[in-house]
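Participant: Okay, here's the structure, questions in a sec.
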Amino acid sequence: MTLANDAPLSRYRTMRRIRTFEERVGELFLKGESAGSMLHLSIGEEAVVGLTDHMKTGDTFTTHHRGHGIFLARGADPMRMLAEIAGREAGYCRGKGGSMHIADRGLGHLGANAIVGGGIPHIVGAGITARNTANQAISVAFFGDGAMSQGILYEAMNMAALWKLPVVFCCINNQYGMGTRVDRSAGKQAFPARAEAFGLNAVRADGADVETVHNDTQAVMEGARDGHPGFVEIDAYRFHGHARMDKSPYRTPEEEAAGRDRDPLIMARTTLDDEAALNTIDAEVTEEMDAAMAGAIAAPVPATDTMFQDVYDPTTPAPQPQRARLASVLEELN
Amino acid sequence: MTLANDAPLSRYRTMRRIRTFEERVGELFLKGESAGSMLHLSIGEEAVVGLTDHMKTGDTFTTHHRGHGIFLARGADPMRMLAEIAGREAGYCRGKGGSMHIADRGLGHLGANAIVGGGIPHIVGAGITARNTANQAISVAFFGDGAMSQGILYEAMNMAALWKLPVVFCCINNQYGMGTRVDRSAGKQAFPARAEAFGLNAVRADGADVETVHNDTQAVMEGARDGHPGFVEIDAYRFHGHARMDKSPYRTPEEEAAGRDRDPLIMARTTLDDEAALNTIDAEVTEEMDAAMAGAIAAPVPATDTMFQDVYDPTTPAPQPQRARLASVLEELN
Amino acid sequence: MTKTTYRDALRKALLDAMAEDENVILMGEEVGLYGGAYGVTKGLLDHFGANRVIDTPISEPGIVGAAIGAAMTGLRPVAEIMYVDFAGMVMDQLANQAAKSRYMFGGQIGVPMVLRTQGGTGRSAAAQHSQSLEAWMMHTPGLRLAMPATVSDAYHLLRDAMRQPDPVVFIEHKGLYTLKGEISPDPDAPWGQPAIRRDGRDLTIATYSRMLHETLTAAAALAPEVEVEVIDLRCLNPLDDTVLMESVRRTGRCLIVTEAVTTGSVASEIAARVTEQCFDWLEEPPLRLGGEDIPIPVSPALERASIPDAMLIEEVARWLVTREAPSWAA
Amino acid sequence: MTKTTYRDALRKALLDAMAEDENVILMGEEVGLYGGAYGVTKGLLDHFGANRVIDTPISEPGIVGAAIGAAMTGLRPVAEIMYVDFAGMVMDQLANQAAKSRYMFGGQIGVPMVLRTQGGTGRSAAAQHSQSLEAWMMHTPGLRLAMPATVSDAYHLLRDAMRQPDPVVFIEHKGLYTLKGEISPDPDAPWGQPAIRRDGRDLTIATYSRMLHETLTAAAALAPEVEVEVIDLRCLNPLDDTVLMESVRRTGRCLIVTEAVTTGSVASEIAARVTEQCFDWLEEPPLRLGGEDIPIPVSPALERASIPDAMLIEEVARWLVTREAPSWAA
Ligand SMILES: Cc1ncc(C[n+]2csc(CCOP(=O)(O)OP(=O)(O)O)c2C)c(N)n1
Ligand SMILES: Cc1ncc(C[n+]2csc(CCOP(=O)(O)OP(=O)(O)O)c2C)c(N)n1
Ligand SMILES: [Mg+2]
Ligand SMILES: [Mg+2]
């Protein structure tokens, strides 16, 4: 088969990997193996792959708390992700960060963030680096519709426009910030118009169709590489609750059904119309994620004293553990 | 004469009072009588009177650090203002606040602010009060073009639009934030478009002509009273340096001359075309401000122990002075 | 009296205050329809309507700023910031605006608002959702700061906070919402003052919020060998330390237990005060037991190990009184 | 060596670092064309161009956020926040992002940036432009914090700060820019460690930033009757207290002098540590002299009275050694 060279099929595979991965995250929680319950699944938002497919090696990005899918799309190893989500030493961040703070400098992931909007301005700095070093990279901030209410977004957009930086602001509008539907958080919902008012190229793309996302975001992504910063809104639906404990009582079954009908995987299957190839992919992905899951669960938890590592650069002294401080006090007094 | 009933003449008088007042502030500094040098004169921005004339008793407002003129327009006593700027007990804030922190709850002034953007969100709260108590008041935030880069402005605009609050955001664009001309701080300079993108009524008015400001802002101000929040940009020029020590080396004499040509007082004089009446006003204002100046300078400085007052409500204990704390420690030990 | 939870006691405080005074409003993310991220405001939207229970956009600085303006103009807002970890976004509104308005404006404009939030560890919520940042608020004149540890205080301190003429930061603990207990008819101590939670003659332990419970567990285990006096500080700014100093003068020994990063913490302030005021009575230096000087790691085992527990408190307390060294100090 | 000013020493540090390493960039409000609100960056825009000396909009959170991203991707940004009073706008970026990235991401992503700012009283700049907020930064693991008091330190500490692999908050004092002195060829102490500014056997005074000068004036006035050892802490987070503890063990007495609001201050942390580590050597409790627990009033007389000066330091120091009470304590 030549699936690897077939972009739409490859995008389907990535979307399937995201979907299956997120299902495994849910299982991890149910098994009591996750570190906490603050797990935000990106099921329903897989069409972001249409945008990430415009990114290249060397490009950087930051994500919000619902960033598993984006990171997978940029090349993450699902075992190391699950291990991190489970708080294991083998995880991307050695069990320090967890689901909301995953990163891989090597893959250009400058960090997932648990502060709504917190990672957005970092791409402005990455854009300055790109400009000053002429490294051809773009940097993309991924965030939710909720972050459209964070002032720092507009500060960052303004700077990007002012300095003509190679950056893109990507809002994944899944219609909700926790229990608040976007019409209850936005005075006006025309988000691209906000970005345009600050001087950015802006577009809204239909997150039900990964190929539409791919096509409709191309100009903005290419413009960014040429120093015209951009804004993309991907219109999607959050299939599940906000985090693992949330059953979404604030929305109607009808609304949920309609939202889940806008499933980018089903849409892709329909368009691709190659049941055999798609089923092969699905099976391969299941196998991959099963292995990742098994590896993550088998991975050991970090040793207690690792908690003092990486507060500062390892070439400088680590913080003194409290027991060591007290022991020396007690010793002096004895 | 019937000047009092003649709105344009009355606006001229208010503008003249602002101009002369600000000149006195400069003198206060030169005499060494001001508390510090952080004095921001609103000379060149007097046409804001065209907007404040739409405000009524009971309306509230917050201002930025360059707010003397706005406060005068809303009824401030120039003696108490100068006394405050001089750090005297007789000042509006008993010598605690100074030029950048003047307020008068009675006149609706909820406070001048030395944090760029800091006072903006307060009008959202005032708007909630107005809505919940149906008190018919509007609340106006005054700020400079520099605050257009503060994220909190957009948070506040969004809330105002979302909740349909009776508030107005008034940007006095004097072309500079300190030494930064607005084209060096704004990715795109169409400020009303930003406000519209958040769902506000928005207008730009020519600050060279107070009557134009009055007319062009009327709809937005009235709309606000009906629950359609608004944004106004008044296009003006900062005649002097940013603060008293700044000689504006970052701008050309030509630019300054052109900016100062847009003088709302000269424009008003030309339009009103009644030399005698205008000269009478000028003389009356000079006399008023001379008296205010003399009163302020003669006013005593606050007693040292007043510094412990008003940290908390006077019905609760004031903070313990350090000498009292130490004295009781020393006493125990002796 | 019937038992209730810390969560429901908070809810009842809001409900009672709102029923009494129509100027009380709530505003914050998810306080309405969702009922609060931790369920504290459940049902209040239905009771009082959307003008008084205001779901806000995710705009923390704007929320606090709006609450300030509402307070300045006559309402009594109770604003909510979902996690105290977001304090860094609102410290300007809190410390430069809410805390200083009365002072800067010469006493004219008070800001009678409450900022409810919650903090602390225990849910593997990682470095940006598990902090204890009360030290920032304690270092800010003009603010008041209360941190309830018990069900009864959850009710009474919040009611009292809503009666203050000045801004109060009110920090709940995410690990206490399901705590069960009774709401006493009267507060355990007057607003602003500590409560003695256990009497003892050998050692004074000062603490607050969730660490009170670890401390009480340790104190129970230490008795009768070592009798610990446990003081729940409750209100940290301004800190009324009279009761504490009296206790330390009796016991001659003091341990301060907090969950926050130890360096620059409330524990440091208290240790400094105790030494200043009780020097001649002290048998041992006041010691601080706090969180490790690190961000909170997500891994549950590491998270737990990074903050004090009853065992550690017990070990240090025993040493202070008996000089019996814990294994790690031997 | 020729004399220069604190301002010019800072400028030279920036200039030398920028000349050496093209990855060093400056960004902040008015750092370019205007030359810095206090003149520190004058001329650097001409030297290095607008890509390296970046005038920003008035967007403090965005500035710090952008600096973080630049640092993560290979530059060495020196960001500027014009007044430390604006820290409340940027504490999220500083404490939740810059300080925690390395940790949260398991050591992968350091944030080698410097945040320059200035604080303190002395210019009648009122409550929002005169604060000393270093305690917030000291309470934040992952941050480093340096506060130069001398001309030589202005140069060397800033150079050293720019060499750190982790974020450094660098707080200058608005009252020191015109201070004259020499830049020594070598730093007065290694990065991170205090410098002993005067030897003495009777009393240790720990201080930093502008209060060093008030302290030295007091120490000069006290000698030879009372010989004060003056320790300039220089770097407050992490705080290396070895030199300080050695000194207190020699003198048996300690006074800590800061300009910040006393409650919850750096002085409180140091007092707590001194008691913990030197209890058996102490003749008197460590005492704190700091700013009054109030916002800074604008009136020059009140402003001055609200913070310690040489006279007050002298009075308290003399009491600690001779028990001769100051008039206000008699
Ligand atoms: C600054 C901040 N405020 C509030 C929260 C709590 N919170 C976490 S996710 C979330 C909703 C975010 O909605 P959105 O940005 O649309 O992202 P989504 O969860 O829908 O992907 C909220 C309010 C937070 N983590 N950070
Ligand atoms: C948050 C904040 N950042 C920076 C400053 C320093 N500062 C004071 S005024 C000013 C320029 C403000 O420009 P603008 O908003 O246009 O008002 P103008 O002075 O022109 O009236 C700056 C940068 C401040 N006071 N507050
Ligand atoms: Mg969303
Ligand atoms: Mg301006």
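Chain labels A, B, ... are given in the sequence in which chains occur in the structure tokens; within each chain residues are numbered consecutively from 1, and ligands are likewise numbered from 1 in the order shown.
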Specify as a PyMOL selection string all residues of chain B found within 7 Å of chain A, counting only C-alpha atoms.
Facilitator: chain B and resi 149-152+154-155+158-159+161-162+186-188+193-194+197-199
Participant: Please identify all polymer residues within 12 Å of Ile266 (chain A), counting only C-alpha atoms, omitting same-chain residues fewer than 6 positions from it, and present them as a list in words.
Facilitator: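 Within the cut-off, the hits are Tyr12, Met15, Arg16, Arg19, Gly44, Glu46, Ala47, Ala208, Asp209, Val210, Arg260, Leu272, Asp273, Glu275 and Leu278 of chain A.
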Participant: Excluding region 34-51 of chain D and residues on its chain fewer than 5 positions from it, collect all residues at most 7 Å away from it, counting only C-alpha atoms, and give them as a list of chain:residue names.
Facilitator: A:Asn132, B:Gly179, B:Tyr250, D:Arg7, D:Asp8, D:Leu10, D:Arg11, D:Met82
Participant: Can you check which residues of region 195-261 of chain C DSSP gives as strand (DSSP E) on the backbone and send them as a ChimeraX atom specification?
Facilitator: /C:195-198,203-207,228-232,235-237,254-261
Participant: Write out as a VMD selection string each polymer residue (protein, DNA or RNA) that has an atom no more than 7 Å from ligand 1, with only C-alpha atoms and all ligand atoms counted.
Facilitator: (chain A and resid 40 65 to 66 114 to 117 143 to 147 173 to 178 238 242) or (chain C and resid 29 58 60 82 86)
Participant: What are the residues of chain D that have an atom within 6 Å of an atom of chain A, counting only C-alpha atoms, as a ChimeraX atom specification?
Facilitator: /D:59,62,65-70,73,103-107,142,277
Participant: Restricting the output to C-alpha atoms, write the selected residues as a PDB file, in the first residue's frame.
Facilitator:
```pdb
ATOM      1  CA  SER D  59       1.480  45.056  27.314  1.00  0.00           C
ATOM      2  CA  GLY D  62       2.652  40.030  26.667  1.00  0.00           C
ATOM      3  CA  GLY D  65       5.336  36.072  27.704  1.00  0.00           C
ATOM      4  CA  ALA D  66       7.188  37.006  24.542  1.00  0.00           C
ATOM      5  CA  ALA D  67      10.495  37.029  26.381  1.00  0.00           C
ATOM      6  CA  ILE D  68       9.759  33.534  27.651  1.00  0.00           C
ATOM      7  CA  GLY D  69       9.114  32.272  24.144  1.00  0.00           C
ATOM      8  CA  ALA D  70      12.276  33.918  22.863  1.00  0.00           C
ATOM      9  CA  THR D  73      13.809  29.105  21.390  1.00  0.00           C
ATOM     10  CA  TYR D 103      10.314  21.740  36.098  1.00  0.00           C
ATOM     11  CA  MET D 104       6.957  20.945  34.540  1.00  0.00           C
ATOM     12  CA  PHE D 105       8.614  19.819  31.342  1.00  0.00           C
ATOM     13  CA  GLY D 106      10.992  17.506  33.153  1.00  0.00           C
ATOM     14  CA  GLY D 107      14.113  19.559  32.537  1.00  0.00           C
ATOM     15  CA  GLY D 142      12.391  28.396  39.846  1.00  0.00           C
ATOM     16  CA  GLN D 277      20.197  28.281  62.477  1.00  0.00           C
TER      17      GLN D 277
END
```
Participant: Return the neighbours of chain D among the residues of chain C, cut-off 8 Å, counting only C-alpha atoms, as a count of residues only.
Facilitator: 44
Participant: Compare A:Ile297, A:Val140, A:Leu41, A:Val232 by their minimum atom-to-atom distance to ligand 3, counting only C-alpha atoms and all ligand atoms, and give me the closest one.
Facilitator: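 Looking only at the distances to ligand 3, the closest residue turns out to be A:Leu41.
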Participant: Which of these residues is nearest to ligand 3, using only C-alpha atoms and all ligand atoms: A:Gly67, A:Gly223, A:Pro78, A:Pro300?
Facilitator: A:Gly67
Participant: So which bits of region 112-329 of chain D end up alpha helix (DSSP H) when you DSSP the backbone, as a PDB file with C-alpha atoms, in the first residue's frame?
Facilitator:
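Below is the file selection-v3.pdb, written as the result:
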```
ATOM      1  CA  GLU D 134      10.762  41.128  45.962  1.00  0.00           C
ATOM      2  CA  ALA D 135       9.004  38.942  48.536  1.00  0.00           C
ATOM      3  CA  TRP D 136       6.666  37.669  45.825  1.00  0.00           C
ATOM      4  CA  MET D 137       9.636  36.566  43.726  1.00  0.00           C
ATOM      5  CA  MET D 138      11.451  35.047  46.671  1.00  0.00           C
ATOM      6  CA  VAL D 151      27.715  50.498  41.085  1.00  0.00           C
ATOM      7  CA  SER D 152      29.999  47.517  40.734  1.00  0.00           C
ATOM      8  CA  ASP D 153      27.179  45.106  41.427  1.00  0.00           C
ATOM      9  CA  ALA D 154      24.969  46.925  38.967  1.00  0.00           C
ATOM     10  CA  TYR D 155      27.465  45.817  36.371  1.00  0.00           C
ATOM     11  CA  HIS D 156      28.559  42.425  37.594  1.00  0.00           C
ATOM     12  CA  LEU D 157      25.240  41.116  38.869  1.00  0.00           C
ATOM     13  CA  LEU D 158      23.570  42.073  35.625  1.00  0.00           C
ATOM     14  CA  ARG D 159      26.294  40.373  33.586  1.00  0.00           C
ATOM     15  CA  ASP D 160      25.963  37.306  35.767  1.00  0.00           C
ATOM     16  CA  ALA D 161      22.192  37.389  35.544  1.00  0.00           C
ATOM     17  CA  MET D 162      22.456  37.301  31.768  1.00  0.00           C
ATOM     18  CA  ARG D 163      24.593  34.171  32.016  1.00  0.00           C
ATOM     19  CA  MET D 211      18.882  50.232  52.332  1.00  0.00           C
ATOM     20  CA  LEU D 212      22.543  49.165  52.189  1.00  0.00           C
ATOM     21  CA  HIS D 213      23.489  52.818  52.013  1.00  0.00           C
ATOM     22  CA  GLU D 214      21.303  53.870  54.915  1.00  0.00           C
ATOM     23  CA  THR D 215      22.774  50.993  56.853  1.00  0.00           C
ATOM     24  CA  LEU D 216      26.349  51.952  56.060  1.00  0.00           C
ATOM     25  CA  THR D 217      25.640  55.504  57.154  1.00  0.00           C
ATOM     26  CA  ALA D 218      24.223  54.205  60.410  1.00  0.00           C
ATOM     27  CA  ALA D 219      27.170  51.851  60.877  1.00  0.00           C
ATOM     28  CA  ALA D 220      29.633  54.691  60.374  1.00  0.00           C
ATOM     29  CA  ALA D 221      27.811  56.799  62.937  1.00  0.00           C
ATOM     30  CA  LEU D 222      27.756  53.936  65.441  1.00  0.00           C
ATOM     31  CA  THR D 242      26.073  30.758  54.825  1.00  0.00           C
ATOM     32  CA  VAL D 243      27.984  34.021  55.157  1.00  0.00           C
ATOM     33  CA  LEU D 244      25.140  35.588  57.076  1.00  0.00           C
ATOM     34  CA  MET D 245      24.884  32.746  59.565  1.00  0.00           C
ATOM     35  CA  GLU D 246      28.627  32.749  60.167  1.00  0.00           C
ATOM     36  CA  SER D 247      28.426  36.427  60.898  1.00  0.00           C
ATOM     37  CA  VAL D 248      25.490  36.154  63.287  1.00  0.00           C
ATOM     38  CA  ARG D 249      27.206  33.344  65.126  1.00  0.00           C
ATOM     39  CA  ARG D 250      30.104  35.697  65.675  1.00  0.00           C
ATOM     40  CA  THR D 251      28.126  38.761  66.678  1.00  0.00           C
ATOM     41  CA  VAL D 266      12.293  39.099  52.862  1.00  0.00           C
ATOM     42  CA  ALA D 267      13.225  40.357  56.319  1.00  0.00           C
ATOM     43  CA  SER D 268      10.759  37.922  57.860  1.00  0.00           C
ATOM     44  CA  GLU D 269      12.274  35.025  55.942  1.00  0.00           C
ATOM     45  CA  ILE D 270      15.752  35.968  57.064  1.00  0.00           C
ATOM     46  CA  ALA D 271      14.714  36.451  60.661  1.00  0.00           C
ATOM     47  CA  ALA D 272      13.135  32.992  60.613  1.00  0.00           C
ATOM     48  CA  ARG D 273      16.288  31.435  59.199  1.00  0.00           C
ATOM     49  CA  VAL D 274      18.593  33.213  61.594  1.00  0.00           C
ATOM     50  CA  THR D 275      16.643  31.960  64.570  1.00  0.00           C
ATOM     51  CA  GLU D 276      16.518  28.436  63.184  1.00  0.00           C
ATOM     52  CA  GLN D 277      20.197  28.281  62.477  1.00  0.00           C
ATOM     53  CA  CYS D 278      21.763  30.462  65.169  1.00  0.00           C
ATOM     54  CA  PRO D 300       6.999  63.500  50.362  1.00  0.00           C
ATOM     55  CA  ALA D 301       7.061  63.824  54.129  1.00  0.00           C
ATOM     56  CA  LEU D 302       4.806  60.813  54.613  1.00  0.00           C
ATOM     57  CA  GLU D 303       6.649  58.780  52.029  1.00  0.00           C
ATOM     58  CA  ARG D 304       9.964  59.387  53.787  1.00  0.00           C
ATOM     59  CA  ALA D 305       8.506  58.594  57.177  1.00  0.00           C
ATOM     60  CA  ALA D 310      19.931  55.744  58.833  1.00  0.00           C
ATOM     61  CA  MET D 311      18.727  57.340  62.051  1.00  0.00           C
ATOM     62  CA  LEU D 312      16.191  54.641  62.771  1.00  0.00           C
ATOM     63  CA  ILE D 313      18.685  51.923  61.925  1.00  0.00           C
ATOM     64  CA  GLU D 314      21.202  53.533  64.234  1.00  0.00           C
ATOM     65  CA  GLU D 315      18.719  53.724  67.073  1.00  0.00           C
ATOM     66  CA  VAL D 316      17.648  50.126  66.846  1.00  0.00           C
ATOM     67  CA  ALA D 317      21.201  48.882  66.308  1.00  0.00           C
ATOM     68  CA  ARG D 318      22.425  50.759  69.346  1.00  0.00           C
ATOM     69  CA  TRP D 319      19.648  49.333  71.453  1.00  0.00           C
ATOM     70  CA  LEU D 320      20.422  45.790  70.308  1.00  0.00           C
ATOM     71  CA  VAL D 321      24.018  46.130  71.456  1.00  0.00           C
ATOM     72  CA  THR D 322      23.890  48.575  74.358  1.00  0.00           C
TER      73      THR D 322
END
```
Participant: Closest to Pro148 (chain C) among C:Ala9, C:Ile109, C:Ile25, C:Leu203, using only C-alpha atoms?
Facilitator: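 Between C:Ala9, C:Ile109, C:Ile25, C:Leu203, the residue approaching Pro148 (chain C) most closely is C:Ala9.
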Participant: Fewer than 2 positions away in the same chain doesn't count, so skip those; otherwise give me all residues within 9 Å of Met55 (chain B), counting only C-alpha atoms, as a PyMOL selection string.
Facilitator: chain B and resi 51-53+57-60+74+137-140+221
Participant: Residues as selected, all heavy atoms, written as a short mmCIF file (atom, residue, chain, number, x, y, z; two decimals), in the first residue's frame, can you do that?
Facilitator:
```
data_model
loop_
_atom_site.label_atom_id
_atom_site.label_comp_id
_atom_site.auth_asym_id
_atom_site.auth_seq_id
_atom_site.Cartn_x
_atom_site.Cartn_y
_atom_site.Cartn_z
N LEU B 51 -17.41 65.30 25.20
CA LEU B 51 -17.97 64.02 25.65
C LEU B 51 -18.50 64.10 27.08
O LEU B 51 -19.62 63.67 27.37
CB LEU B 51 -16.92 62.91 25.54
CG LEU B 51 -17.42 61.52 25.93
CD1 LEU B 51 -16.89 60.46 24.96
CD2 LEU B 51 -17.04 61.15 27.35
N THR B 52 -17.72 64.69 27.97
CA THR B 52 -18.18 64.74 29.37
C THR B 52 -19.48 65.52 29.49
O THR B 52 -20.24 65.30 30.43
CB THR B 52 -17.11 65.34 30.30
OG1 THR B 52 -16.73 66.63 29.82
CG2 THR B 52 -15.88 64.46 30.38
N ASP B 53 -19.72 66.43 28.57
CA ASP B 53 -20.98 67.18 28.61
C ASP B 53 -22.20 66.29 28.39
O ASP B 53 -23.33 66.72 28.63
CB ASP B 53 -20.96 68.32 27.59
CG ASP B 53 -20.59 69.64 28.26
OD1 ASP B 53 -20.13 69.61 29.42
OD2 ASP B 53 -20.77 70.70 27.63
N THR B 57 -25.21 64.01 36.52
CA THR B 57 -25.02 63.73 37.94
C THR B 57 -25.40 62.28 38.22
O THR B 57 -26.43 61.82 37.73
CB THR B 57 -25.92 64.66 38.78
OG1 THR B 57 -25.62 66.02 38.42
CG2 THR B 57 -25.66 64.46 40.28
N GLY B 58 -24.54 61.60 38.95
CA GLY B 58 -24.81 60.19 39.24
C GLY B 58 -24.02 59.26 38.34
O GLY B 58 -23.78 58.11 38.69
N ASP B 59 -23.61 59.75 37.18
CA ASP B 59 -22.74 58.95 36.33
C ASP B 59 -21.38 58.82 37.01
O ASP B 59 -20.97 59.70 37.78
CB ASP B 59 -22.54 59.62 34.96
CG ASP B 59 -23.82 59.57 34.11
OD1 ASP B 59 -24.75 58.84 34.48
OD2 ASP B 59 -23.84 60.27 33.07
N THR B 60 -20.70 57.76 36.71
CA THR B 60 -19.38 57.57 37.32
C THR B 60 -18.33 57.44 36.22
O THR B 60 -18.65 57.25 35.04
CB THR B 60 -19.36 56.31 38.21
OG1 THR B 60 -19.73 55.18 37.42
CG2 THR B 60 -20.30 56.44 39.39
N ARG B 74 -15.86 67.40 35.13
CA ARG B 74 -16.94 66.79 35.90
C ARG B 74 -17.17 67.50 37.23
O ARG B 74 -17.86 66.96 38.11
CB ARG B 74 -16.67 65.29 36.13
CG ARG B 74 -16.74 64.44 34.87
CD ARG B 74 -18.09 64.52 34.15
NE ARG B 74 -19.19 64.12 35.00
CZ ARG B 74 -20.42 64.64 34.97
NH1 ARG B 74 -20.70 65.59 34.10
NH2 ARG B 74 -21.34 64.22 35.78
N ALA B 137 -27.61 55.34 35.62
CA ALA B 137 -26.28 55.94 35.43
C ALA B 137 -25.50 55.22 34.36
O ALA B 137 -25.66 54.02 34.14
CB ALA B 137 -25.52 55.91 36.76
N ILE B 138 -24.63 55.96 33.71
CA ILE B 138 -23.63 55.31 32.87
C ILE B 138 -22.28 55.47 33.56
O ILE B 138 -22.11 56.27 34.48
CB ILE B 138 -23.55 55.88 31.44
CG1 ILE B 138 -23.15 57.37 31.45
CG2 ILE B 138 -24.87 55.69 30.71
CD1 ILE B 138 -22.82 57.90 30.07
N SER B 139 -21.33 54.68 33.13
CA SER B 139 -19.99 54.78 33.68
C SER B 139 -19.01 54.83 32.50
O SER B 139 -19.17 54.10 31.52
CB SER B 139 -19.69 53.60 34.60
OG SER B 139 -18.50 53.84 35.34
N VAL B 140 -18.05 55.72 32.60
CA VAL B 140 -17.12 55.94 31.49
C VAL B 140 -15.69 55.72 31.96
O VAL B 140 -15.30 56.24 33.01
CB VAL B 140 -17.26 57.39 30.94
CG1 VAL B 140 -16.36 57.58 29.71
CG2 VAL B 140 -18.71 57.71 30.60
N MET B 221 -23.03 57.82 23.41
CA MET B 221 -23.31 58.07 24.82
C MET B 221 -24.77 57.76 25.15
O MET B 221 -25.07 57.16 26.19
CB MET B 221 -22.98 59.53 25.17
CG MET B 221 -21.51 59.88 25.05
SD MET B 221 -20.43 59.02 26.25
CE MET B 221 -20.70 60.04 27.71
#
```
